[in-house]
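start_15.pdb, holding PDB, C-alpha atoms:
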```
ATOM      1  CA  MET A1115      19.637 -15.626  -5.488
ATOM      2  CA  LEU A1116      18.697 -14.485  -8.995
ATOM      3  CA  ASN A1117      22.056 -13.025  -9.959
ATOM      4  CA  ASP A1118      23.387 -14.488 -13.203
ATOM      5  CA  LYS A1119      20.250 -16.621 -13.583
ATOM      6  CA  VAL A1120      18.136 -17.091 -16.705
ATOM      7  CA  ILE A1121      14.486 -16.523 -15.754
ATOM      8  CA  LEU A1122      11.470 -17.292 -17.923
ATOM      9  CA  ILE A1123       8.040 -15.830 -17.147
ATOM     10  CA  THR A1124       4.994 -17.317 -18.846
ATOM     11  CA  GLY A1125       2.287 -14.746 -19.422
ATOM     12  CA  GLY A1126       5.039 -12.249 -18.749
ATOM     13  CA  THR A1127       3.335  -9.240 -20.353
ATOM     14  CA  GLY A1128       0.607  -9.185 -17.694
ATOM     15  CA  SER A1129       0.603  -6.878 -14.678
ATOM     16  CA  PHE A1130       2.391  -9.447 -12.500
ATOM     17  CA  GLY A1131       5.003 -10.210 -15.145
ATOM     18  CA  LYS A1132       5.874  -6.555 -15.658
ATOM     19  CA  LYS A1133       6.094  -5.836 -11.926
ATOM     20  CA  PHE A1134       8.156  -8.972 -11.292
ATOM     21  CA  THR A1135      10.496  -8.135 -14.180
ATOM     22  CA  LYS A1136      10.993  -4.580 -12.908
ATOM     23  CA  ARG A1137      11.768  -5.791  -9.386
ATOM     24  CA  VAL A1138      14.251  -8.440 -10.523
ATOM     25  CA  LEU A1139      16.104  -6.025 -12.811
ATOM     26  CA  GLU A1140      16.330  -3.412 -10.052
ATOM     27  CA  GLN A1141      17.322  -5.706  -7.178
ATOM     28  CA  PHE A1142      19.321  -8.444  -8.894
ATOM     29  CA  ASN A1143      21.576  -8.899 -11.882
ATOM     30  CA  PRO A1144      19.945 -11.673 -13.925
ATOM     31  CA  LYS A1145      21.771 -13.035 -16.920
ATOM     32  CA  LYS A1146      18.545 -12.990 -18.930
ATOM     33  CA  ILE A1147      14.787 -12.599 -18.488
ATOM     34  CA  ILE A1148      12.639 -14.311 -21.104
ATOM     35  CA  ILE A1149       9.066 -13.102 -21.589
ATOM     36  CA  TYR A1150       7.026 -15.985 -22.983
ATOM     37  CA  SER A1151       3.531 -14.964 -24.109
ATOM     38  CA  ARG A1152       1.072 -14.938 -27.019
ATOM     39  CA  ASP A1153       0.451 -11.231 -27.638
ATOM     40  CA  GLU A1154       3.068  -9.597 -29.877
ATOM     41  CA  TYR A1155       1.688  -6.080 -29.297
ATOM     42  CA  LYS A1156       1.978  -6.394 -25.516
ATOM     43  CA  GLN A1157       5.519  -7.657 -26.012
ATOM     44  CA  TYR A1158       6.253  -4.599 -28.157
ATOM     45  CA  LEU A1159       4.949  -2.314 -25.408
ATOM     46  CA  MET A1160       7.018  -4.153 -22.815
ATOM     47  CA  GLN A1161      10.125  -3.839 -24.991
ATOM     48  CA  ARG A1162       9.645  -0.079 -24.967
ATOM     49  CA  GLN A1163       9.085  -0.036 -21.207
ATOM     50  CA  PHE A1164      12.290  -1.975 -20.517
ATOM     51  CA  GLN A1165      14.407  -0.495 -23.297
ATOM     52  CA  LYS A1166      17.353   0.312 -21.034
ATOM     53  CA  TYR A1167      17.564  -3.382 -20.036
ATOM     54  CA  LYS A1168      17.480  -4.678 -23.617
ATOM     55  CA  LYS A1169      20.717  -6.644 -23.228
ATOM     56  CA  GLN A1170      19.087  -8.765 -20.516
ATOM     57  CA  MET A1171      15.573  -9.006 -21.964
ATOM     58  CA  ARG A1172      14.270 -11.534 -24.494
ATOM     59  CA  TYR A1173      10.749 -11.809 -25.918
ATOM     60  CA  PHE A1174       9.510 -15.197 -27.074
ATOM     61  CA  LEU A1175       6.136 -15.552 -28.797
ATOM     62  CA  GLY A1176       4.504 -18.813 -27.817
ATOM     63  CA  ASP A1177       1.717 -20.587 -25.982
ATOM     64  CA  VAL A1178       2.069 -22.916 -22.999
ATOM     65  CA  ARG A1179      -0.169 -25.301 -24.942
ATOM     66  CA  ASP A1180       2.649 -25.737 -27.482
ATOM     67  CA  LYS A1181       5.107 -28.042 -25.735
ATOM     68  CA  GLU A1182       7.691 -28.024 -28.533
ATOM     69  CA  ARG A1183       7.763 -24.219 -28.695
ATOM     70  CA  PHE A1184       7.977 -23.946 -24.928
ATOM     71  CA  ALA A1185      10.850 -26.427 -24.834
ATOM     72  CA  ARG A1186      12.738 -24.294 -27.344
ATOM     73  CA  ALA A1187      12.254 -21.239 -25.134
ATOM     74  CA  CYS A1188      13.561 -23.099 -22.061
ATOM     75  CA  ASP A1189      17.065 -23.885 -23.284
ATOM     76  CA  GLY A1190      19.423 -22.775 -20.529
ATOM     77  CA  VAL A1191      16.642 -21.537 -18.228
ATOM     78  CA  ASP A1192      17.276 -21.708 -14.468
ATOM     79  CA  VAL A1193      13.940 -20.408 -13.096
ATOM     80  CA  ILE A1194      10.384 -20.513 -14.473
ATOM     81  CA  VAL A1195       7.621 -18.329 -13.050
ATOM     82  CA  HIS A1196       4.313 -19.548 -14.448
ATOM     83  CA  ALA A1197       1.796 -16.697 -14.579
ATOM     84  CA  ALA A1198      -0.030 -17.579 -17.814
ATOM     85  CA  ALA A1199      -3.663 -18.663 -17.460
ATOM     86  CA  LEU A1200      -7.141 -18.252 -18.843
ATOM     87  CA  LYS A1201      -8.637 -16.681 -15.739
ATOM     88  CA  GLN A1202     -11.887 -14.917 -16.636
ATOM     89  CA  VAL A1203     -14.594 -16.944 -14.892
ATOM     90  CA  PRO A1204     -17.443 -16.359 -17.402
ATOM     91  CA  ALA A1205     -15.135 -17.006 -20.364
ATOM     92  CA  ALA A1206     -13.949 -20.279 -18.836
ATOM     93  CA  GLU A1207     -17.542 -21.369 -18.204
ATOM     94  CA  TYR A1208     -18.489 -20.708 -21.827
ATOM     95  CA  ASN A1209     -15.236 -22.122 -23.278
ATOM     96  CA  PRO A1210     -14.373 -24.946 -20.872
ATOM     97  CA  LEU A1211     -12.096 -26.895 -23.204
ATOM     98  CA  GLU A1212     -10.027 -23.795 -23.908
ATOM     99  CA  ALA A1213      -9.502 -23.249 -20.175
ATOM    100  CA  ILE A1214      -8.518 -26.904 -19.768
ATOM    101  CA  LYS A1215      -6.017 -26.702 -22.639
ATOM    102  CA  THR A1216      -4.259 -23.671 -21.160
ATOM    103  CA  ASN A1217      -4.588 -24.164 -17.416
ATOM    104  CA  ILE A1218      -4.201 -27.954 -17.185
ATOM    105  CA  ASP A1219      -2.520 -29.142 -20.393
ATOM    106  CA  GLY A1220      -0.279 -26.076 -20.279
ATOM    107  CA  ALA A1221       0.726 -26.875 -16.699
ATOM    108  CA  LYS A1222       1.602 -30.436 -17.724
ATOM    109  CA  ASN A1223       3.774 -29.107 -20.540
ATOM    110  CA  ILE A1224       5.645 -26.845 -18.140
ATOM    111  CA  VAL A1225       6.262 -29.707 -15.724
ATOM    112  CA  ASP A1226       7.552 -32.023 -18.465
ATOM    113  CA  VAL A1227       9.769 -29.425 -20.102
ATOM    114  CA  ALA A1228      11.176 -28.139 -16.798
ATOM    115  CA  ILE A1229      12.273 -31.647 -15.832
ATOM    116  CA  ASP A1230      13.649 -32.434 -19.299
ATOM    117  CA  LYS A1231      15.616 -29.160 -19.364
ATOM    118  CA  ASP A1232      16.825 -29.525 -15.746
ATOM    119  CA  VAL A1233      15.345 -26.180 -14.667
ATOM    120  CA  GLU A1234      16.263 -25.430 -11.040
ATOM    121  CA  LYS A1235      13.089 -23.773  -9.735
ATOM    122  CA  VAL A1236       9.504 -23.566 -10.993
ATOM    123  CA  VAL A1237       7.005 -21.346  -9.162
ATOM    124  CA  ALA A1238       3.400 -21.471 -10.376
ATOM    125  CA  LEU A1239       0.880 -18.755  -9.514
ATOM    126  CA  SER A1240      -2.437 -19.975  -8.156
ATOM    127  CA  THR A1241      -5.668 -18.389  -6.929
ATOM    128  CA  ASP A1242      -8.108 -18.584  -4.060
ATOM    129  CA  LYS A1243     -10.617 -19.899  -6.617
ATOM    130  CA  ALA A1244      -8.677 -23.187  -6.678
ATOM    131  CA  VAL A1245      -9.770 -23.801  -3.067
ATOM    132  CA  ASP A1246     -13.067 -25.715  -2.943
ATOM    133  CA  PRO A1247     -13.742 -24.557  -6.533
ATOM    134  CA  VAL A1248     -17.248 -23.567  -7.575
ATOM    135  CA  ASN A1249     -16.415 -22.608 -11.164
ATOM    136  CA  LEU A1250     -14.446 -24.172 -14.004
ATOM    137  CA  TYR A1251     -11.566 -21.711 -13.778
ATOM    138  CA  GLY A1252     -11.065 -22.633 -10.123
ATOM    139  CA  ALA A1253     -11.308 -26.331 -10.934
ATOM    140  CA  THR A1254      -8.636 -26.083 -13.638
ATOM    141  CA  LYS A1255      -6.327 -24.205 -11.276
ATOM    142  CA  MET A1256      -6.892 -26.789  -8.552
ATOM    143  CA  VAL A1257      -5.735 -29.477 -10.983
ATOM    144  CA  SER A1258      -2.822 -27.297 -12.065
ATOM    145  CA  ASP A1259      -1.715 -26.839  -8.442
ATOM    146  CA  LYS A1260      -1.798 -30.567  -7.860
ATOM    147  CA  LEU A1261       0.220 -31.220 -11.027
ATOM    148  CA  PHE A1262       2.986 -28.878  -9.900
ATOM    149  CA  ILE A1263       3.084 -30.257  -6.344
ATOM    150  CA  ALA A1264       3.065 -33.882  -7.516
ATOM    151  CA  ALA A1265       5.780 -33.140 -10.096
ATOM    152  CA  ASN A1266       8.348 -33.160  -7.290
ATOM    153  CA  ALA A1267       7.786 -36.909  -6.950
ATOM    154  CA  TYR A1268       9.082 -37.778 -10.377
ATOM    155  CA  VAL A1269      11.999 -35.470 -11.090
ATOM    156  CA  GLY A1270      14.258 -38.498 -10.714
ATOM    157  CA  ALA A1271      17.937 -37.564 -10.610
ATOM    158  CA  LYS A1272      17.201 -34.035 -11.825
ATOM    159  CA  ASN A1273      17.483 -31.044  -9.507
ATOM    160  CA  THR A1274      14.139 -29.415 -10.343
ATOM    161  CA  HIS A1275      11.930 -28.084  -7.536
ATOM    162  CA  PHE A1276       8.283 -27.124  -8.043
ATOM    163  CA  SER A1277       6.252 -24.916  -5.711
ATOM    164  CA  VAL A1278       3.034 -22.883  -5.844
ATOM    165  CA  VAL A1279       2.098 -19.379  -4.652
ATOM    166  CA  ARG A1280      -1.595 -18.732  -3.911
ATOM    167  CA  TYR A1281      -3.340 -15.369  -3.547
ATOM    168  CA  GLY A1282      -6.664 -13.764  -4.430
ATOM    169  CA  ASN A1283      -7.440 -10.885  -6.761
ATOM    170  CA  VAL A1284      -4.681  -8.298  -6.585
ATOM    171  CA  SER A1285      -6.124  -4.981  -5.435
ATOM    172  CA  GLY A1286      -6.671  -2.758  -8.451
ATOM    173  CA  SER A1287      -5.934  -5.483 -10.995
ATOM    174  CA  ARG A1288      -8.072  -6.166 -14.032
ATOM    175  CA  GLY A1289     -10.887  -8.430 -12.845
ATOM    176  CA  SER A1290     -10.995  -6.998  -9.328
ATOM    177  CA  VAL A1291     -13.913  -4.842  -8.220
ATOM    178  CA  ILE A1292     -11.848  -1.657  -7.823
ATOM    179  CA  PRO A1293     -11.518  -0.710 -11.538
ATOM    180  CA  PHE A1294     -15.223  -1.565 -11.984
ATOM    181  CA  PHE A1295     -16.245   0.809  -9.199
ATOM    182  CA  LYS A1296     -13.808   3.461 -10.475
ATOM    183  CA  THR A1297     -15.341   3.339 -13.963
ATOM    184  CA  LEU A1298     -18.842   3.803 -12.550
ATOM    185  CA  ILE A1299     -17.700   6.691 -10.369
ATOM    186  CA  ASP A1300     -15.957   8.392 -13.315
ATOM    187  CA  GLU A1301     -19.211   8.076 -15.258
ATOM    188  CA  GLY A1302     -21.049   9.953 -12.526
ATOM    189  CA  ALA A1303     -22.675   7.099 -10.590
ATOM    190  CA  THR A1304     -24.197   7.959  -7.225
ATOM    191  CA  LYS A1305     -24.811   4.357  -6.196
ATOM    192  CA  LEU A1306     -22.657   1.260  -6.515
ATOM    193  CA  PRO A1307     -23.812  -2.337  -7.121
ATOM    194  CA  ILE A1308     -22.932  -4.936  -4.489
ATOM    195  CA  THR A1309     -23.453  -8.582  -5.365
ATOM    196  CA  ASP A1310     -23.899  -9.499  -1.698
ATOM    197  CA  MET A1311     -23.730  -7.184   1.315
ATOM    198  CA  ARG A1312     -21.864  -9.848   3.319
ATOM    199  CA  MET A1313     -19.035 -10.206   0.798
ATOM    200  CA  THR A1314     -15.423  -9.939   2.004
ATOM    201  CA  ARG A1315     -12.061 -10.086   0.241
ATOM    202  CA  PHE A1316      -8.345 -10.095   1.060
ATOM    203  CA  TRP A1317      -6.282  -7.004   0.266
ATOM    204  CA  ILE A1318      -3.005  -7.874  -1.466
ATOM    205  CA  THR A1319      -0.915  -5.552  -3.592
ATOM    206  CA  LEU A1320       1.099  -6.470  -6.657
ATOM    207  CA  ASP A1321       4.314  -5.762  -4.754
ATOM    208  CA  GLU A1322       3.294  -8.215  -2.043
ATOM    209  CA  ALA A1323       2.519 -10.871  -4.651
ATOM    210  CA  VAL A1324       5.965 -10.351  -6.186
ATOM    211  CA  ASN A1325       7.581 -10.546  -2.734
ATOM    212  CA  LEU A1326       6.014 -13.934  -2.108
ATOM    213  CA  VAL A1327       7.129 -15.340  -5.466
ATOM    214  CA  ILE A1328      10.706 -14.187  -4.846
ATOM    215  CA  LYS A1329      10.568 -15.796  -1.405
ATOM    216  CA  ALA A1330       9.341 -19.053  -2.953
ATOM    217  CA  ILE A1331      12.162 -19.001  -5.506
ATOM    218  CA  GLY A1332      14.697 -18.524  -2.745
ATOM    219  CA  GLU A1333      13.336 -20.874  -0.086
ATOM    220  CA  ALA A1334      11.247 -23.614  -1.697
ATOM    221  CA  ARG A1335      12.656 -27.116  -1.590
ATOM    222  CA  GLY A1336       9.851 -28.592  -3.655
ATOM    223  CA  GLY A1337       6.197 -29.210  -2.887
ATOM    224  CA  GLU A1338       5.353 -26.108  -0.829
ATOM    225  CA  LEU A1339       2.247 -23.991  -1.367
ATOM    226  CA  PHE A1340       2.910 -20.418  -0.161
ATOM    227  CA  ILE A1341       0.094 -18.120   1.017
ATOM    228  CA  HIS A1342       0.640 -14.466   1.911
ATOM    229  CA  LYS A1343      -0.928 -13.051   5.088
ATOM    230  CA  CYS A1344      -3.273 -10.226   4.094
ATOM    231  CA  PRO A1345      -5.794  -7.964   5.811
ATOM    232  CA  SER A1346      -9.465  -8.406   4.932
ATOM    233  CA  PHE A1347     -12.032  -5.828   3.946
ATOM    234  CA  LYS A1348     -15.774  -5.694   3.391
ATOM    235  CA  VAL A1349     -16.777  -4.900  -0.176
ATOM    236  CA  THR A1350     -19.362  -2.480   1.211
ATOM    237  CA  ASP A1351     -16.552  -0.624   3.017
ATOM    238  CA  LEU A1352     -14.566  -0.489  -0.230
ATOM    239  CA  ALA A1353     -17.554   1.105  -1.962
ATOM    240  CA  ARG A1354     -17.876   3.709   0.796
ATOM    241  CA  ALA A1355     -14.141   4.400   0.680
ATOM    242  CA  MET A1356     -14.286   5.047  -3.061
ATOM    243  CA  LEU A1357     -17.585   6.967  -3.072
ATOM    244  CA  PRO A1358     -18.459   8.377   0.377
ATOM    245  CA  ASP A1359     -22.148   8.474   1.283
ATOM    246  CA  CYS A1360     -23.018   6.442  -1.808
ATOM    247  CA  GLU A1361     -26.137   4.325  -2.065
ATOM    248  CA  LEU A1362     -25.474   0.578  -2.215
ATOM    249  CA  GLU A1363     -27.596  -1.557  -4.518
ATOM    250  CA  ASP A1364     -27.862  -5.293  -3.775
ATOM    251  CA  VAL A1365     -27.779  -6.890  -7.242
ATOM    252  CA  GLY A1366     -27.315 -10.548  -6.253
ATOM    253  CA  ILE A1367     -24.298 -12.813  -6.376
ATOM    254  CA  ARG A1368     -23.054 -13.832  -9.816
ATOM    255  CA  PRO A1369     -22.668 -17.435 -11.023
ATOM    256  CA  GLY A1370     -19.353 -18.888  -9.895
ATOM    257  CA  GLU A1371     -18.724 -16.104  -7.356
ATOM    258  CA  LYS A1372     -17.916 -16.754  -3.696
ATOM    259  CA  LEU A1373     -18.943 -14.743  -0.654
ATOM    260  CA  HIS A1374     -15.449 -14.965   0.819
ATOM    261  CA  GLU A1375     -11.928 -15.761  -0.353
ATOM    262  CA  VAL A1376     -10.596 -18.959   1.222
ATOM    263  CA  MET A1377      -6.863 -19.667   1.215
ATOM    264  CA  ILE A1378      -6.548 -22.540   3.695
ATOM    265  CA  THR A1379      -9.331 -25.023   4.355
ATOM    266  CA  GLU A1380      -9.829 -26.990   7.544
ATOM    267  CA  GLU A1381      -8.576 -30.052   5.698
ATOM    268  CA  ASP A1382      -5.415 -28.181   4.656
ATOM    269  CA  SER A1383      -4.696 -27.343   8.296
ATOM    270  CA  ARG A1384      -3.280 -30.804   8.900
ATOM    271  CA  SER A1385      -0.186 -29.876   6.911
ATOM    272  CA  ALA A1386      -0.151 -26.068   7.190
ATOM    273  CA  TYR A1387       2.497 -24.033   9.030
ATOM    274  CA  GLU A1388       2.465 -20.371   9.989
ATOM    275  CA  TYR A1389       5.438 -18.050   9.450
ATOM    276  CA  ASP A1390       5.834 -14.323  10.142
ATOM    277  CA  ASN A1391       4.256 -13.008   6.937
ATOM    278  CA  TYR A1392       2.926 -16.107   5.223
ATOM    279  CA  TYR A1393       1.660 -19.668   5.556
ATOM    280  CA  ILE A1394       2.925 -22.807   3.852
ATOM    281  CA  ILE A1395       0.852 -25.886   3.097
ATOM    282  CA  TYR A1396       3.236 -28.821   2.809
ATOM    283  CA  PRO A1397       2.449 -31.929   0.755
ATOM    284  CA  SER A1398       0.524 -34.638   2.559
ATOM    285  CA  LEU A1399       1.905 -37.286   0.234
ATOM    286  CA  GLU A1400       4.063 -40.367   0.791
ATOM    287  CA  TRP A1401       7.118 -38.973  -0.975
ATOM    288  CA  TRP A1402       7.286 -35.837   1.211
ATOM    289  CA  ASP A1403      10.315 -36.130   3.497
ATOM    290  CA  ASN A1404       9.271 -33.457   6.026
ATOM    291  CA  LEU A1405      11.858 -30.877   4.951
ATOM    292  CA  CYS A1406       9.908 -27.972   6.427
ATOM    293  CA  ILE A1407      11.384 -24.498   6.178
ATOM    294  CA  GLU A1408      12.709 -23.383   9.562
ATOM    295  CA  GLY A1409      10.803 -20.902  11.700
ATOM    296  CA  GLY A1410       7.313 -22.234  11.099
ATOM    297  CA  LYS A1411       4.665 -23.168  13.634
ATOM    298  CA  LYS A1412       2.045 -25.818  12.960
ATOM    299  CA  VAL A1413      -1.424 -24.265  12.802
ATOM    300  CA  GLU A1414      -4.190 -25.563  15.019
ATOM    301  CA  ASP A1415      -6.290 -28.480  13.865
ATOM    302  CA  ARG A1416      -9.332 -27.366  11.827
ATOM    303  CA  PHE A1417      -7.724 -23.974  11.242
ATOM    304  CA  ARG A1418      -9.281 -22.069   8.360
ATOM    305  CA  TYR A1419      -7.806 -18.981   6.702
ATOM    306  CA  ALA A1420     -10.466 -17.000   4.891
ATOM    307  CA  SER A1421     -11.360 -13.363   4.350
ATOM    308  CA  ASP A1422     -14.365 -13.600   6.690
ATOM    309  CA  ASN A1423     -12.531 -15.002   9.743
ATOM    310  CA  ASN A1424      -9.341 -12.967   9.494
ATOM    311  CA  THR A1425      -7.823 -11.259  12.537
ATOM    312  CA  GLU A1426      -6.779  -8.153  10.574
ATOM    313  CA  TRP A1427      -9.329  -5.863   8.885
ATOM    314  CA  LEU A1428      -9.075  -2.619   6.956
ATOM    315  CA  THR A1429     -11.367   0.245   7.960
ATOM    316  CA  VAL A1430     -12.979   2.567   5.418
ATOM    317  CA  GLU A1431     -10.292   5.170   6.137
ATOM    318  CA  GLU A1432      -7.473   2.623   5.763
ATOM    319  CA  ILE A1433      -8.918   1.409   2.473
ATOM    320  CA  ARG A1434      -9.126   4.986   1.206
ATOM    321  CA  GLU A1435      -5.455   5.511   2.086
ATOM    322  CA  ALA A1436      -4.389   2.191   0.566
ATOM    323  CA  LEU A1437      -6.130   3.088  -2.703
ATOM    324  CA  LYS A1438      -3.671   5.966  -3.136
ATOM    325  CA  HIS A1439      -0.788   3.529  -3.449
ATOM    326  CA  ILE A1440      -2.052   1.023  -6.029
ATOM    327  CA  ASP A1441      -2.181   1.062  -9.798
ATOM    328  CA  ILE A1442      -5.672   0.468 -11.164
ATOM    329  CA  VAL A1443      -5.668  -1.699 -14.296
ATOM    330  CA  TYR A1444      -8.690  -1.548 -16.606
TER     331      TYR A1444
END
```
Structure encoded using structure tokens:
Amino acid sequence: MLNDKVILITGGTGSFGKKFTKRVLEQFNPKKIIIYSRDEYKQYLMQRQFQKYKKQMRYFLGDVRDKERFARACDGVDVIVHAAALKQVPAAEYNPLEAIKTNIDGAKNIVDVAIDKDVEKVVALSTDKAVDPVNLYGATKMVSDKLFIAANAYVGAKNTHFSVVRYGNVSGSRGSVIPFFKTLIDEGATKLPITDMRMTRFWITLDEAVNLVIKAIGEARGGELFIHKCPSFKVTDLARAMLPDCELEDVGIRPGEKLHEVMITEEDSRSAYEYDNYYIIYPSLEWWDNLCIEGGKKVEDRFRYASDNNTEWLTVEEIREALKHIDIVY
């Protein structure tokens, strides 16, 4: 599937980009992997990490806002995985135009360049925050998702296929609650702050996120939105798993924060299908020709997939065990 392919990863020096790169180099034989990102120091560190694969690795400094630079990087590219984004909620609220330039204008640049360069597959990473968004970051990602889905309608005679992969905060990633709790515990805290005692989240690992992107690259025909099936957990149970018998302090929900992660809304259910390990929301647009991937089952009308109504839940003990197998990023 990815053998002898040229793959470009935007935001490739992030935790997803590094994990995806490692997996592809170990399981496939790509012709080239291009890391396209803005931070030269992170690229330097990644060069050291992947030194033994230097013949297959390329590092391209650039910003998705810069269409001309991105076009230069995409010469001969077969697959684009779009992981670059401004994703810190408070930063996006305070710098809305910057978030728009990267998350929306950048997405448009990727769509245009991918079609112009006849890229085969484009998979864009999304977030639960794009579903019924309550903050600017989520709103920009909702627009981004729609740009990538709609792009399939105007590829013309080109053979470019766009799809989207949606998941919540990766467990242990920077921005998730786990490194925050771990820092407090390391500093000697005996109680942990909870923004709302009812709060729930999905548990997804970086490996599972990579699995879903690889599946999308291999199976997408254009227009699909892939969602991984994940167990849920209560944030209070996470706190007790990390610091047994701790006191929990209710500090109040933060601006732009949701009680629960929602992946599929009741409105989405009209075009959502369930597969063994994931769901797909297909386009409900006139150009969609009903080329559904085989093996799916239409979900029930008004179905909703969210962390509070899930059928699979992690116990405190299961969370404690799962924590042993993730990398915590600060």
Determine the residue set returned by the PyMOL selection byres ((chain A and resi 1117) around 6) for the present structure, and present it as a PyMOL selection string.
chain A and resi 1115-1116+1118-1119+1142-1144
Can you list, as a ChimeraX atom specification, every protein, DNA or RNA residue that comes within 7 Å of range 1319-1335 of chain A when you count all atoms listed in the file, leaving out same-chain residues fewer than 4 positions away?
/A:1115,1130,1134,1235,1237,1275,1277,1279,1284-1285,1342
At a cut-off of 9 Å, using only C-alpha atoms, what residues contact Arg1418 in chain A? Leave out same-chain residues fewer than 2 positions from it and give the result as a PDB file with C-alpha atoms, in the coordinates of the input.
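Produced file result19.pdb, reproduced below:
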```
ATOM      1  CA  VAL A1376     -10.596 -18.959   1.222  1.00  0.00           C
ATOM      2  CA  MET A1377      -6.863 -19.667   1.215  1.00  0.00           C
ATOM      3  CA  ILE A1378      -6.548 -22.540   3.695  1.00  0.00           C
ATOM      4  CA  THR A1379      -9.331 -25.023   4.355  1.00  0.00           C
ATOM      5  CA  GLU A1380      -9.829 -26.990   7.544  1.00  0.00           C
ATOM      6  CA  GLU A1381      -8.576 -30.052   5.698  1.00  0.00           C
ATOM      7  CA  ASP A1382      -5.415 -28.181   4.656  1.00  0.00           C
ATOM      8  CA  SER A1383      -4.696 -27.343   8.296  1.00  0.00           C
ATOM      9  CA  ASP A1415      -6.290 -28.480  13.865  1.00  0.00           C
ATOM     10  CA  ARG A1416      -9.332 -27.366  11.827  1.00  0.00           C
ATOM     11  CA  ALA A1420     -10.466 -17.000   4.891  1.00  0.00           C
ATOM     12  CA  ASN A1423     -12.531 -15.002   9.743  1.00  0.00           C
TER      13      ASN A1423
END
```
Point-to-point distance from CA of His1374 in chain A to CA of Thr1241 in chain A, Å rounded to tenths:
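Going from CA of His1374 in chain A over to CA of Thr1241 in chain A covers 12.9 Å.
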My list of candidates is A:Asn1273, A:Gln1141, A:Asn1223, A:Gln1202. Which is closest to Tyr1251 in chain A when distances are computed with all atoms listed in the file?
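Closest to Tyr1251 in chain A of all the choices is A:Gln1202.
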On this structure, which residues satisfy the PyMOL selection byres ((chain A and resi 1160) around 10), written as a PyMOL selection string?
chain A and resi 1126-1128+1131-1132+1149+1154-1159+1161-1165+1171+1173
